[in-house]
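**Q** Sharing upload15.cif, mmCIF, C-alpha atoms:
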```cif
data_entry
#
loop_
_atom_site.label_atom_id
_atom_site.label_comp_id
_atom_site.auth_asym_id
_atom_site.auth_seq_id
_atom_site.Cartn_x
_atom_site.Cartn_y
_atom_site.Cartn_z
CA MET A 301 66.48 2.93 155.48
CA LEU A 302 64.67 2.54 158.77
CA ASN A 303 62.20 5.24 159.78
CA VAL A 304 62.57 6.21 163.43
CA SER A 305 60.15 8.49 165.24
CA ILE A 306 61.32 9.81 168.60
CA TYR A 307 59.54 11.77 171.32
CA ARG A 308 61.34 15.06 171.85
CA TYR A 309 60.82 17.56 174.61
CA ASN A 310 63.17 20.11 176.04
CA PRO A 311 61.20 22.21 178.55
CA GLU A 312 63.69 25.07 178.25
CA VAL A 313 62.99 25.48 174.53
CA ASP A 314 59.82 23.61 173.54
CA GLN A 315 56.27 24.74 174.29
CA GLU A 316 55.13 21.15 174.13
CA PRO A 317 56.47 17.69 173.23
CA TYR A 318 56.62 16.61 169.58
CA MET A 319 57.66 13.55 167.56
CA GLN A 320 60.81 13.94 165.46
CA ASP A 321 61.41 11.69 162.46
CA PHE A 322 64.81 10.31 161.58
CA GLN A 323 66.07 7.93 158.94
CA ILE A 324 68.86 5.53 159.64
CA ASP A 325 70.73 2.92 157.63
CA THR A 326 71.03 -0.23 159.73
CA GLN A 327 72.65 -2.13 156.83
CA GLY A 328 70.07 -4.84 157.32
CA LYS A 329 71.52 -5.84 160.68
CA ASP A 330 69.28 -6.80 163.59
CA ILE A 331 70.88 -4.38 166.04
CA MET A 332 69.43 -3.30 169.37
CA VAL A 333 67.21 -0.24 169.78
CA LEU A 334 69.91 1.31 171.97
CA ASP A 335 72.40 1.04 169.07
CA VAL A 336 69.95 2.99 166.92
CA LEU A 337 69.69 5.69 169.59
CA GLU A 338 73.48 5.89 169.90
CA LYS A 339 73.80 6.32 166.12
CA LEU A 340 71.16 9.05 166.16
CA LYS A 341 72.87 10.82 169.03
CA VAL A 342 75.98 11.13 166.85
CA GLU A 343 73.77 12.83 164.25
CA ASP A 344 71.90 14.96 166.77
CA PRO A 345 73.79 15.40 170.06
CA THR A 346 70.79 17.14 171.67
CA LEU A 347 68.92 13.81 171.87
CA VAL A 348 68.83 12.75 175.52
CA PHE A 349 68.31 9.28 177.00
CA ARG A 350 69.65 7.27 179.93
CA ARG A 351 71.87 4.26 179.39
CA SER A 352 74.70 2.56 181.19
CA CYS A 353 75.54 -1.14 181.04
CA ARG A 354 73.98 -1.80 177.59
CA GLU A 355 73.25 -5.43 178.54
CA GLY A 356 69.98 -5.43 180.49
CA VAL A 357 71.53 -5.34 183.95
CA CYS A 358 71.42 -1.71 185.09
CA GLY A 359 67.84 -0.93 184.07
CA SER A 360 68.63 2.63 182.94
CA ASP A 361 67.27 2.58 179.40
CA GLY A 362 63.66 1.61 180.05
CA MET A 363 61.49 3.26 177.39
CA ASN A 364 58.35 2.76 175.37
CA ILE A 365 59.44 1.03 172.17
CA SER A 366 56.77 0.82 169.45
CA GLY A 367 54.07 0.86 172.11
CA LYS A 368 55.61 -1.62 174.52
CA ASN A 369 57.80 -0.80 177.51
CA GLY A 370 61.21 -2.44 177.43
CA LEU A 371 64.94 -1.97 177.75
CA ALA A 372 66.40 -0.46 174.58
CA CYS A 373 69.67 -2.38 175.05
CA VAL A 374 68.09 -5.84 174.94
CA THR A 375 65.29 -5.16 172.44
CA PRO A 376 66.39 -6.09 168.91
CA LEU A 377 64.90 -4.23 165.94
CA SER A 378 63.30 -7.46 164.73
CA GLU A 379 61.03 -7.33 167.81
CA ALA A 380 60.35 -3.60 167.75
CA VAL A 381 60.06 -2.47 164.13
CA LYS A 382 56.61 -2.53 162.58
CA LYS A 383 56.14 -1.63 158.90
CA ASN A 384 59.74 -0.38 158.75
CA LYS A 385 59.02 2.11 161.52
CA LEU A 386 60.40 2.35 165.03
CA VAL A 387 58.56 4.62 167.48
CA ILE A 388 60.32 5.52 170.72
CA ARG A 389 58.71 7.39 173.59
CA PRO A 390 59.61 7.81 177.26
CA LEU A 391 58.05 5.40 179.78
CA PRO A 392 54.42 6.53 180.21
CA GLY A 393 52.84 7.89 183.38
CA LEU A 394 55.78 9.67 184.97
CA PRO A 395 56.85 13.30 184.35
CA VAL A 396 59.27 13.83 181.46
CA ILE A 397 62.45 15.71 182.32
CA ARG A 398 63.75 15.86 178.76
CA ASP A 399 63.27 13.68 175.65
CA LEU A 400 63.35 10.05 176.85
CA VAL A 401 64.42 10.84 180.42
CA ILE A 402 61.68 10.63 183.04
CA ASP A 403 61.52 11.73 186.66
CA MET A 404 61.40 8.47 188.63
CA SER A 405 60.99 10.02 192.12
CA GLN A 406 57.44 8.69 192.47
CA PHE A 407 58.58 5.21 191.51
CA TYR A 408 61.42 5.26 194.07
CA ALA A 409 59.12 6.71 196.75
CA GLN A 410 56.89 3.64 196.38
CA TYR A 411 59.93 1.37 196.50
CA GLU A 412 61.05 3.06 199.72
CA LYS A 413 57.61 2.54 201.28
CA ILE A 414 57.90 -1.24 201.26
CA GLN A 415 61.16 -1.09 203.28
CA PRO A 416 63.33 -2.92 200.74
CA TYR A 417 65.84 -4.26 203.23
CA MET A 418 66.11 -7.14 205.66
CA ILE A 419 64.55 -6.48 209.05
CA ASN A 420 65.75 -8.84 211.78
CA ASN A 421 66.40 -7.56 215.28
CA THR A 422 67.39 -10.92 216.75
CA PRO A 423 71.07 -11.17 217.75
CA ALA A 424 73.23 -11.82 214.71
CA PRO A 425 74.85 -15.27 214.64
CA ALA A 426 78.64 -15.54 214.62
CA ILE A 427 79.00 -16.04 210.89
CA GLU A 428 75.77 -15.55 208.94
CA ARG A 429 72.01 -16.14 208.98
CA LEU A 430 71.55 -19.47 207.28
CA GLN A 431 68.83 -20.49 204.85
CA SER A 432 67.94 -23.94 203.59
CA PRO A 433 68.10 -24.42 199.80
CA GLU A 434 64.27 -24.59 199.81
CA GLU A 435 63.98 -21.26 201.66
CA ARG A 436 66.47 -19.70 199.28
CA ALA A 437 64.55 -21.04 196.28
CA LYS A 438 61.53 -18.94 197.32
CA LEU A 439 63.47 -15.80 196.39
CA ASP A 440 64.01 -16.89 192.80
CA GLY A 441 61.98 -14.79 190.40
CA LEU A 442 61.92 -11.96 192.95
CA TYR A 443 65.47 -10.79 193.64
CA GLU A 444 66.31 -10.42 189.93
CA CYS A 445 64.30 -7.17 189.59
CA ILE A 446 66.52 -4.32 188.34
CA LEU A 447 64.04 -1.50 189.06
CA CYS A 448 63.87 -0.38 185.44
CA ALA A 449 60.22 0.71 185.98
CA CYS A 450 59.00 -0.89 182.74
CA CYS A 451 56.29 -2.79 184.68
CA SER A 452 55.01 -0.01 186.94
CA THR A 453 54.80 2.47 184.07
CA ALA A 454 52.82 -0.07 182.01
CA CYS A 455 50.22 -0.36 184.77
CA PRO A 456 47.06 1.82 184.53
CA SER A 457 46.52 1.56 188.29
CA PHE A 458 49.98 3.08 188.76
CA TRP A 459 49.28 5.77 186.13
CA TRP A 460 46.15 6.93 188.00
CA ASN A 461 47.51 6.62 191.54
CA PRO A 462 51.32 6.61 191.50
CA ASP A 463 51.31 8.21 194.96
CA LYS A 464 49.08 5.56 196.55
CA PHE A 465 49.44 2.28 194.65
CA ILE A 466 52.85 0.67 195.28
CA GLY A 467 52.98 -0.65 191.72
CA PRO A 468 54.11 -4.05 190.41
CA SER A 469 57.83 -3.42 190.87
CA GLY A 470 57.52 -2.32 194.51
CA LEU A 471 55.12 -5.17 195.28
CA LEU A 472 57.44 -7.75 193.74
CA GLN A 473 60.12 -6.42 196.10
CA ALA A 474 57.66 -6.35 199.01
CA TYR A 475 57.04 -10.05 198.47
CA ARG A 476 60.78 -10.68 198.12
CA PHE A 477 61.15 -9.64 201.79
CA LEU A 478 57.89 -11.23 202.94
CA ALA A 479 59.09 -14.52 201.47
CA ASP A 480 62.55 -14.30 203.02
CA SER A 481 62.96 -16.75 205.91
CA ARG A 482 65.52 -14.44 207.54
CA ASP A 483 63.17 -11.45 207.75
CA THR A 484 61.17 -11.16 210.99
CA ALA A 485 58.96 -8.16 210.17
CA THR A 486 56.31 -10.08 208.21
CA GLU A 487 53.36 -8.89 210.34
CA GLU A 488 54.39 -5.23 210.22
CA ARG A 489 55.00 -5.44 206.49
CA LEU A 490 51.56 -6.98 205.90
CA ALA A 491 49.87 -4.42 208.17
CA ASN A 492 51.34 -1.62 206.04
CA LEU A 493 49.86 -3.10 202.87
CA ASP A 494 46.27 -3.76 203.97
CA ASP A 495 44.54 -0.68 202.58
CA PRO A 496 42.45 -0.32 199.40
CA PHE A 497 45.33 1.21 197.41
CA SER A 498 48.79 -0.22 198.20
CA VAL A 499 48.20 -3.78 196.97
CA PHE A 500 44.53 -3.98 196.11
CA ARG A 501 44.60 -1.47 193.27
CA CYS A 502 46.08 -4.33 191.26
CA HIS A 503 43.25 -5.70 189.15
CA GLY A 504 45.42 -8.42 187.69
CA ILE A 505 45.55 -7.25 184.07
CA MET A 506 49.16 -8.50 183.89
CA ASN A 507 50.64 -5.68 181.77
CA CYS A 508 53.60 -5.92 184.14
CA VAL A 509 54.21 -9.57 183.28
CA GLN A 510 53.92 -8.83 179.57
CA VAL A 511 56.61 -6.13 179.59
CA CYS A 512 59.12 -7.26 182.24
CA PRO A 513 62.49 -7.47 180.43
CA LYS A 514 63.74 -9.94 183.04
CA GLY A 515 60.77 -12.27 182.56
CA LEU A 516 59.53 -11.83 186.14
CA ASN A 517 55.93 -12.16 187.27
CA PRO A 518 54.80 -9.34 189.60
CA THR A 519 51.13 -10.39 189.33
CA LYS A 520 51.99 -13.76 190.85
CA ALA A 521 53.92 -12.07 193.68
CA ILE A 522 50.93 -9.78 194.33
CA GLY A 523 48.73 -12.90 194.50
CA HIS A 524 51.07 -14.35 197.14
CA ILE A 525 50.87 -11.10 199.16
CA ARG A 526 47.05 -11.27 198.98
CA ASN A 527 47.11 -14.86 200.17
CA MET A 528 49.37 -13.92 203.07
CA LEU A 529 46.99 -11.09 203.99
CA VAL A 530 44.00 -13.45 203.82
CA ARG A 531 45.79 -15.98 206.02
CA SER A 532 46.77 -13.43 208.65
CA ALA A 533 43.52 -11.42 208.74
CA THR A 534 40.72 -13.97 208.52
CA MET C 1101 49.37 2.48 204.45
CA VAL C 1102 46.86 4.77 202.71
CA THR C 1103 43.89 5.86 204.85
CA THR C 1104 40.46 5.78 203.20
CA VAL C 1105 37.08 6.62 204.72
CA THR C 1106 34.66 6.21 201.82
CA SER C 1107 35.60 2.70 200.70
CA LEU C 1108 33.11 0.03 201.74
CA GLY C 1109 35.14 -1.95 204.25
CA ARG C 1110 37.92 0.61 204.95
CA SER C 1111 40.42 -2.19 204.37
CA GLY C 1112 41.70 -3.38 201.02
CA LEU C 1113 41.50 -7.01 202.00
CA SER C 1114 37.92 -6.69 203.26
CA ASP C 1115 36.80 -4.96 200.03
CA TRP C 1116 38.60 -7.58 197.97
CA LEU C 1117 36.96 -10.48 199.86
CA ILE C 1118 33.50 -8.89 199.69
CA GLN C 1119 33.90 -8.37 195.95
CA ARG C 1120 34.85 -12.03 195.38
CA VAL C 1121 32.10 -13.46 197.60
CA SER C 1122 29.44 -11.14 196.18
CA ALA C 1123 30.46 -12.17 192.65
CA VAL C 1124 29.89 -15.83 193.59
CA VAL C 1125 26.45 -15.02 195.03
CA MET C 1126 25.45 -13.07 191.90
CA THR C 1127 26.64 -15.89 189.64
CA ALA C 1128 24.69 -18.47 191.68
CA TYR C 1129 21.54 -16.31 191.46
CA LEU C 1130 21.97 -15.83 187.72
CA ILE C 1131 22.42 -19.57 187.15
CA PHE C 1132 19.35 -20.32 189.29
CA ILE C 1133 17.09 -17.78 187.57
CA VAL C 1134 18.20 -18.73 184.06
CA GLY C 1135 17.86 -22.42 184.95
CA TYR C 1136 14.37 -21.84 186.35
CA LEU C 1137 13.27 -19.91 183.25
CA ILE C 1138 14.60 -22.65 180.95
CA ALA C 1139 13.00 -25.38 183.05
CA THR C 1140 9.67 -23.54 183.09
CA PRO C 1141 8.92 -22.56 179.48
CA ASP C 1142 5.22 -21.78 180.03
CA LEU C 1143 5.76 -19.57 183.04
CA THR C 1144 2.66 -17.81 184.30
CA TYR C 1145 2.44 -14.79 186.57
CA THR C 1146 0.95 -16.94 189.32
CA GLN C 1147 3.91 -19.34 189.23
CA TRP C 1148 6.41 -16.46 189.17
CA ALA C 1149 4.70 -14.70 192.09
CA ALA C 1150 4.48 -17.98 194.02
CA LEU C 1151 8.22 -18.59 193.57
CA ASN C 1152 9.12 -15.08 194.69
CA SER C 1153 6.86 -15.03 197.71
CA THR C 1154 8.53 -18.00 199.42
CA LEU C 1155 10.87 -17.04 202.26
CA PRO C 1156 13.99 -18.86 200.92
CA MET C 1157 13.57 -17.16 197.53
CA ARG C 1158 13.16 -13.77 199.19
CA MET C 1159 16.31 -14.40 201.22
CA PHE C 1160 18.23 -15.47 198.11
CA SER C 1161 17.04 -12.38 196.20
CA LEU C 1162 17.88 -10.12 199.14
CA LEU C 1163 21.34 -11.67 199.46
CA THR C 1164 21.88 -11.06 195.75
CA ILE C 1165 20.71 -7.46 196.01
CA LEU C 1166 23.05 -6.82 198.94
CA SER C 1167 25.83 -8.45 196.92
CA ILE C 1168 25.12 -6.21 193.93
CA ALA C 1169 25.09 -3.16 196.21
CA ALA C 1170 28.42 -4.06 197.86
CA HIS C 1171 29.98 -5.05 194.54
CA ALA C 1172 28.83 -1.82 192.90
CA TRP C 1173 30.02 0.30 195.85
CA ILE C 1174 33.52 -1.21 195.72
CA GLY C 1175 33.70 -1.05 191.93
CA MET C 1176 32.37 2.51 191.62
CA TRP C 1177 34.63 3.65 194.45
CA CYS C 1178 37.60 2.29 192.51
CA VAL C 1179 36.52 4.02 189.29
CA LEU C 1180 35.93 7.36 191.07
CA THR C 1181 39.28 7.26 192.89
CA ASP C 1182 41.02 6.35 189.63
CA TYR C 1183 39.64 9.11 187.42
CA ILE C 1184 38.32 11.96 189.57
CA THR C 1185 41.61 12.91 191.16
CA VAL C 1186 43.57 16.13 191.62
CA ARG C 1187 46.31 14.57 189.48
CA LEU C 1188 43.98 14.16 186.51
CA ILE C 1189 41.53 17.05 186.66
CA GLY C 1190 42.93 19.60 189.10
CA PRO C 1191 42.19 20.91 192.59
CA LYS C 1192 38.40 20.78 192.24
CA ALA C 1193 38.59 16.99 191.97
CA THR C 1194 38.39 16.33 195.72
CA ILE C 1195 35.03 18.01 196.27
CA LEU C 1196 33.72 16.58 193.01
CA ARG C 1197 34.83 13.08 194.00
CA ILE C 1198 33.17 13.36 197.42
CA ILE C 1199 29.92 14.50 195.78
CA PHE C 1200 30.02 11.56 193.36
CA GLN C 1201 30.89 9.12 196.15
CA LEU C 1202 28.04 10.32 198.35
CA GLY C 1203 25.69 10.22 195.36
CA MET C 1204 26.80 6.68 194.56
CA MET C 1205 26.25 5.61 198.18
CA ALA C 1206 22.82 7.24 198.35
CA VAL C 1207 21.67 5.63 195.09
CA THR C 1208 23.00 2.22 196.19
CA LEU C 1209 21.27 2.36 199.59
CA LEU C 1210 18.02 3.62 198.05
CA TYR C 1211 18.03 0.75 195.56
CA VAL C 1212 18.47 -1.72 198.43
CA VAL C 1213 15.55 -0.25 200.37
CA TRP C 1214 13.40 -0.15 197.22
CA ALA C 1215 14.30 -3.77 196.43
CA ILE C 1216 13.33 -4.91 199.95
CA ASP C 1217 10.03 -3.06 199.53
CA ILE C 1218 9.40 -4.88 196.24
CA LEU C 1219 10.46 -8.31 197.56
CA TRP C 1220 8.23 -8.19 200.65
CA GLY C 1221 5.43 -6.49 198.76
CA ILE C 1222 4.76 -9.38 196.41
#
```
Any chance you could give the structure as structure tokens?
**A**
Amino acid sequence: MLNVSIYRYNPEVDQEPYMQDFQIDTQGKDIMVLDVLEKLKVEDPTLVFRRSCREGVCGSDGMNISGKNGLACVTPLSEAVKKNKLVIRPLPGLPVIRDLVIDMSQFYAQYEKIQPYMINNTPAPAIERLQSPEERAKLDGLYECILCACCSTACPSFWWNPDKFIGPSGLLQAYRFLADSRDTATEERLANLDDPFSVFRCHGIMNCVQVCPKGLNPTKAIGHIRNMLVRSAT
Amino acid sequence: MVTTVTSLGRSGLSDWLIQRVSAVVMTAYLIFIVGYLIATPDLTYTQWAALNSTLPMRMFSLLTILSIAAHAWIGMWCVLTDYITVRLIGPKATILRIIFQLGMMAVTLLYVVWAIDILWGI
């Protein structure tokens, strides 16, 4: 039997959050953490968590699994269980709505700040704006982000200043548009980032890289943004 | 864009550059001083005073002190704006943070003046 300890909090009933222990028979199979949660939800329907695609594409089930942020649907028990115990908490740093569900408004507000869309006011060509294969290749490792918030909620700089520091996820997206050959707002985008908080609160501890379930590297993208700022402002 | 008025250079990029350059200066000074002490095992006060009263050495020391001051200002400012915030300790945080920031600036500037006094007083 696998011991599972889950963070529970229902603000309508509970004075404060607590950890609830469950036992579950996995029949020795290396199932995903999400499968465990689904089994437990059958036992206790009051357990609340977000999930959708169950294959690491939608980014809904980001949570703190045995101390490390990740997607429950693509984290097998063999990676998460330590000493026959699985500990599941909500992503740290953002307000908890109930059990494993967090309020991601702050995270989305930062995403909105970096204007995550193409800006190009030149007349549109007849068919499409073309890119060379080399220009397109610059977007690899950037566009794959699914906004699960595992990285930003693993970042102490984001914990302390979620209203001022864009966070690794937002900055990865910021660089995605800075690096895009079709975007013409590079200068404005850079000007919006040159303050002591937005980008420069990153101290390069690389928690984001360690937890990203898609294997992306926000620290590297932040380094590229810094280099672009240095080039344009010195 | 987040506006700040108590950070050293007002701009994130400027603070970041200053912190990197000042770190290089401090490292160079450390290597020089440690190298000098190793190369001069029987150091006397006269030799030490002679070294520190030359103009290039005074300049190097002053540059290092200014680097330490700038580096400390940027670093302490980061620490204060991380931990003394309304989010973490409530509404009194703003006034408390300003007091700490002003205190940090005063101490840093006083150390610089004191260091200049020592350097040119040898």
**Q** Could you list, as number ranges by chain, every residue of chain A that has an atom within 10 Å of an atom of chain C, counting all atoms listed in the file?
**A** A: 413-414, 456-466, 489-501, 526-527, 529-530, 533-534
**Q** Hey, can you spit out that residue selection with C-alpha atoms as a PDB file, keeping the file's coordinate frame?
**A**
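Wrote again_24.pdb, looks like this:
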```
ATOM      1  CA  LYS A 413      57.610   2.540 201.280  1.00  0.00           C
ATOM      2  CA  ILE A 414      57.900  -1.240 201.260  1.00  0.00           C
ATOM      3  CA  PRO A 456      47.060   1.820 184.530  1.00  0.00           C
ATOM      4  CA  SER A 457      46.520   1.560 188.290  1.00  0.00           C
ATOM      5  CA  PHE A 458      49.980   3.080 188.760  1.00  0.00           C
ATOM      6  CA  TRP A 459      49.280   5.770 186.130  1.00  0.00           C
ATOM      7  CA  TRP A 460      46.150   6.930 188.000  1.00  0.00           C
ATOM      8  CA  ASN A 461      47.510   6.620 191.540  1.00  0.00           C
ATOM      9  CA  PRO A 462      51.320   6.610 191.500  1.00  0.00           C
ATOM     10  CA  ASP A 463      51.310   8.210 194.960  1.00  0.00           C
ATOM     11  CA  LYS A 464      49.080   5.560 196.550  1.00  0.00           C
ATOM     12  CA  PHE A 465      49.440   2.280 194.650  1.00  0.00           C
ATOM     13  CA  ILE A 466      52.850   0.670 195.280  1.00  0.00           C
ATOM     14  CA  ARG A 489      55.000  -5.440 206.490  1.00  0.00           C
ATOM     15  CA  LEU A 490      51.560  -6.980 205.900  1.00  0.00           C
ATOM     16  CA  ALA A 491      49.870  -4.420 208.170  1.00  0.00           C
ATOM     17  CA  ASN A 492      51.340  -1.620 206.040  1.00  0.00           C
ATOM     18  CA  LEU A 493      49.860  -3.100 202.870  1.00  0.00           C
ATOM     19  CA  ASP A 494      46.270  -3.760 203.970  1.00  0.00           C
ATOM     20  CA  ASP A 495      44.540  -0.680 202.580  1.00  0.00           C
ATOM     21  CA  PRO A 496      42.450  -0.320 199.400  1.00  0.00           C
ATOM     22  CA  PHE A 497      45.330   1.210 197.410  1.00  0.00           C
ATOM     23  CA  SER A 498      48.790  -0.220 198.200  1.00  0.00           C
ATOM     24  CA  VAL A 499      48.200  -3.780 196.970  1.00  0.00           C
ATOM     25  CA  PHE A 500      44.530  -3.980 196.110  1.00  0.00           C
ATOM     26  CA  ARG A 501      44.600  -1.470 193.270  1.00  0.00           C
ATOM     27  CA  ARG A 526      47.050 -11.270 198.980  1.00  0.00           C
ATOM     28  CA  ASN A 527      47.110 -14.860 200.170  1.00  0.00           C
ATOM     29  CA  LEU A 529      46.990 -11.090 203.990  1.00  0.00           C
ATOM     30  CA  VAL A 530      44.000 -13.450 203.820  1.00  0.00           C
ATOM     31  CA  ALA A 533      43.520 -11.420 208.740  1.00  0.00           C
ATOM     32  CA  THR A 534      40.720 -13.970 208.520  1.00  0.00           C
TER      33      THR A 534
END
```
**Q** For the provided coordinates, the residues matched by the PyMOL selection byres ((chain A and resi 418-434) around 7) should be stated as a list in words.
**A** Tyr417, Glu435, Arg436, Ala437, Lys438, Phe477, Arg482, Asp483, Thr484 and Ala485 of chain A
**Q** Have a look at A:Val511, A:Cys455, A:Leu400, A:Ala409 and name the one nearest to Thr346 in chain A; count only C-alpha atoms.
**A**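 Counting only C-alpha atoms, the residue closest to Thr346 in chain A is A:Leu400.
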**Q** Compile the contact shell of range 319-327 of chain A as a count of residues only: residues with an atom at most 6 Å away, counting only C-alpha atoms, same-chain residues fewer than 5 positions apart removed.
**A** 8
**Q** Please, what distance in Å, to one decimal, runs between CA of Asp314 in chain A and CA of Leu391 in chain A?
**A**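 A separation of 19.3 Å between them.
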**Q** Tell me which of C:Phe1200, C:Tyr1136, C:Tyr1129, C:Trp1173 sits closest to Met1159 in chain C, counting all atoms listed in the file.
**A**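 Closest to Met1159 in chain C of all the choices is C:Tyr1129.
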